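Data block below; observations after.
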Amino acid sequence: MSTEIGNLKKILLVEDDPRDVELTLTALAEHHLANQVKVVGDGAEALDYLYRRGKFQDRAGGNPIVVLLDLKLPKLNGLEVLQIIKADEQLKVIPVVVLSSSRETPDLVKCYQHGVNAYVVKPVDFSEFMRAVQQLGVFWAAINEPPPFLAPAAAGIPGAAGRIAGKEEVKHEIPAPYPAPGG
Amino acid sequence: LNEPGNQQQQKHTFGPDHRAEYAADKPMKKYHATIMIVDDDPNDLLLIEKAFRDIGVTEPIYTIQGGTEAIAYMMGEGKYADRSVYTYPTFITTDLKMPGADGFAVLEHLKNNPEWAVIPTVVLTASRDLDDIKKAYMLGASSYHVKPSSPAALRQQLKVLHDFWVTCEVPEVDSTGRQLHTDSEGKLGERFAQP
């Protein structure tokens with residue numbers, strides 16, 4: 001079933017500019033990846049999605065295979081989101097690719113210091129943009145092995161037994177907004 | 001500006017030429033781009049390097065046998081002290097299962113050093129073990145790939161891999177391939193402001 005594959009290979013796109021969202025989805029559609037994309041418009045929503053809280057508390061389990069993260073975002077900016085993901089024992093394994101319009105070196109260095117997996121500057125030229133997004137989509141969806149999903153330790157499922165496929169609906173009760181790091 | 005020492009070392013000619021088939025669009029855009037392949041198996045080193053060449057990759061490639069040797073290279077130990085010959089890599093692929101320092105040790109070494117942590121380091125291994133995958137990401141692997149067994153599949157995989165990484169930005173490196181110092185933002189800004 002395509003829905004199962006969709007759940008297993010979700011791409012989380014964190015982007016507030018509707019034009020960039022449209023272009024990205026169009027580019028990914030050429031490789032039939034668009035229906036795997038979950039779009040959120042700001043940093044806070046991205047974290048809600050990853051932590052399955054707020055309006056995402058009922059979403060199916062499983063981590064996205066990659067997070068495509070814009071840097072300039074409302075509420076919580078991309079660098080803050082990156083920092084939170086990479087400081088969290090459960091989330092840090094998720095590949096995060098910064099998609100930025102900034103080539104400024106301080107941004108670049110900070111992202112690497114916080115453990116970004118890759119940093120792509122959005123090409124201004126339309127066809128180059130399309131090509132860059134397609135290459136990125138094929139890379140993360142087709143040839144990269146995504147990290148296994150580990151159920152949060154708070155749910156009391158340790159180690160390998162806690163691994164669940166994305167299609168399985170598993171409810172965890174995590175009262176705190178953030179799972180305890182490493183806990 | 002091109003790496004003087006690398007040329008003679010890298011001039012292998014291989015059998016059938018698959019370059020026309022793939023024609024890599026453009027080389028990785030950092031200057032002094034240098035690829036390091038770390039693997040304990042000399043056959044794999046040869047096959048991976050050959051596959052990169054077959055798809056039209058023209059950057060210097062260093063094949064390093066084993067994690068211990070790779071760490072010595074990065075540390076500039078022994079012969080590796082000569083950075084005019086042994087340029088810092090700007091992109092690394094590493095195997096996981098190796099005697100001595102394994103791929104995890106290589107990742108740990110690189111990612112604990114701020115200067116090296118910016119070098120994209122991808123895992124290229126035979127292992128599909130979920131614990132290996134998790135551990136590699138925990139240690140900061142940029143991405144994780146299972147080596148295909150056929151040379152044709154390997155070429156395809158490395159083509160996608162190279163196409164993606166050439167579109168990525170990394171901090172610039174100086175003439176010996178070493179990444180520019182990143183202590184203070186202001187200083188860094190100044191250094192990059194020059195035309």
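We label chains A, B, ... in the order they appear in the structure tokens, count residues from 1 in each chain, and number ligands from 1 in the order shown.
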Output the contact residues of chain A with respect to chain B at a cut-off of 8 Å, based on only C-alpha atoms, as a ChimeraX atom specification. /A:92-95,103,105-106,108-109,112-113,115-121,132,135-136,138-139,143-148,160
Leu96 of chain B surroundings by only C-alpha atoms, 8 Å radius, close-in-sequence under 3 positions cut, as a PyMOL selection string: chain B and resi 39+102-104+123-125+127
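The neighbours of Ser100 of chain A here are the residues that come within 12 Å of it, using only C-alpha atoms and leaving out any residue fewer than 6 positions away in the same chain; they are A:Val14, A:Glu15, A:Asp16, A:Asp17, A:Asp20, A:Leu68, A:Leu69, A:Asp70, A:Leu71, A:Lys72, A:Leu73, A:Asn77, A:Gly78, A:Leu79, A:Asp107, A:Leu108, A:Cys111, A:Ala118, A:Tyr119, A:Val120, A:Val121, A:Lys122, A:Pro123, A:Val124, A:Phe129, B:Cys168, B:Glu169.
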Can you list, as an MDAnalysis selection string, all residues belonging to segment 53-184 of chain B that DSSP tags as alpha helix (DSSP H)? chainID B and resid 53:54 67:75 103:111 130:138 151:166
Export, as an mmCIF file, in the first residue's frame, the selected residues with C-alpha atoms.
data_model
loop_
_atom_site.group_PDB
_atom_site.id
_atom_site.type_symbol
_atom_site.label_atom_id
_atom_site.label_comp_id
_atom_site.auth_asym_id
_atom_site.auth_seq_id
_atom_site.Cartn_x
_atom_site.Cartn_y
_atom_site.Cartn_z
ATOM 1 C CA ARG B 53 36.276 8.108 -11.884
ATOM 2 C CA ASP B 54 33.883 6.232 -14.159
ATOM 3 C CA GLY B 67 40.586 3.872 10.233
ATOM 4 C CA THR B 68 43.906 4.084 12.052
ATOM 5 C CA GLU B 69 45.567 5.368 8.899
ATOM 6 C CA ALA B 70 42.714 7.803 8.280
ATOM 7 C CA ILE B 71 43.071 9.285 11.761
ATOM 8 C CA ALA B 72 46.854 9.557 11.302
ATOM 9 C CA TYR B 73 46.193 11.386 8.032
ATOM 10 C CA MET B 74 43.838 13.857 9.686
ATOM 11 C CA MET B 75 46.234 14.386 12.592
ATOM 12 C CA GLY B 103 34.404 3.600 11.111
ATOM 13 C CA PHE B 104 32.772 4.588 14.397
ATOM 14 C CA ALA B 105 36.171 5.610 15.767
ATOM 15 C CA VAL B 106 36.777 7.662 12.624
ATOM 16 C CA LEU B 107 33.415 9.416 13.053
ATOM 17 C CA GLU B 108 34.042 10.007 16.731
ATOM 18 C CA HIS B 109 37.433 11.458 15.968
ATOM 19 C CA LEU B 110 36.159 13.761 13.252
ATOM 20 C CA LYS B 111 33.008 14.946 14.944
ATOM 21 C CA LEU B 130 19.955 -1.155 12.478
ATOM 22 C CA ASP B 131 22.193 -0.735 15.505
ATOM 23 C CA ASP B 132 25.092 0.190 13.216
ATOM 24 C CA ILE B 133 22.893 2.696 11.381
ATOM 25 C CA LYS B 134 21.708 4.262 14.623
ATOM 26 C CA LYS B 135 25.205 4.401 16.104
ATOM 27 C CA ALA B 136 26.643 6.000 12.968
ATOM 28 C CA TYR B 137 24.021 8.770 13.042
ATOM 29 C CA MET B 138 24.496 9.253 16.772
ATOM 30 C CA PRO B 151 29.920 -2.219 -9.992
ATOM 31 C CA ALA B 152 27.036 -0.825 -12.075
ATOM 32 C CA ALA B 153 24.863 -0.320 -8.989
ATOM 33 C CA LEU B 154 27.820 1.195 -7.164
ATOM 34 C CA ARG B 155 28.310 3.687 -10.000
ATOM 35 C CA GLN B 156 24.641 4.653 -9.849
ATOM 36 C CA GLN B 157 24.753 5.072 -6.101
ATOM 37 C CA LEU B 158 27.920 7.164 -6.147
ATOM 38 C CA LYS B 159 26.491 9.282 -8.958
ATOM 39 C CA VAL B 160 23.452 10.223 -6.826
ATOM 40 C CA LEU B 161 25.729 10.707 -3.842
ATOM 41 C CA HIS B 162 28.140 12.955 -5.728
ATOM 42 C CA ASP B 163 25.350 14.928 -7.428
ATOM 43 C CA PHE B 164 23.850 15.682 -4.042
ATOM 44 C CA TRP B 165 27.042 16.593 -2.252
ATOM 45 C CA VAL B 166 28.211 18.919 -5.013
#
Just to confirm, what's the straight-line distance from atom CA of Ala141 of chain A to atom CA of Ile85 of chain A in Å (one decimal)?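 Straight-line distance from atom CA of Ala141 of chain A to atom CA of Ile85 of chain A works out to 20.2 Å.
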One decimal place gives the atom CA of Phe56 of chain A-atom CA of Glu30 of chain A separation as 27.9 Å
Can you work out the spacing between atom CA of Tyr51 of chain A and atom CA of Pro64 of chain A in Å, to one decimal? 11.5 Å
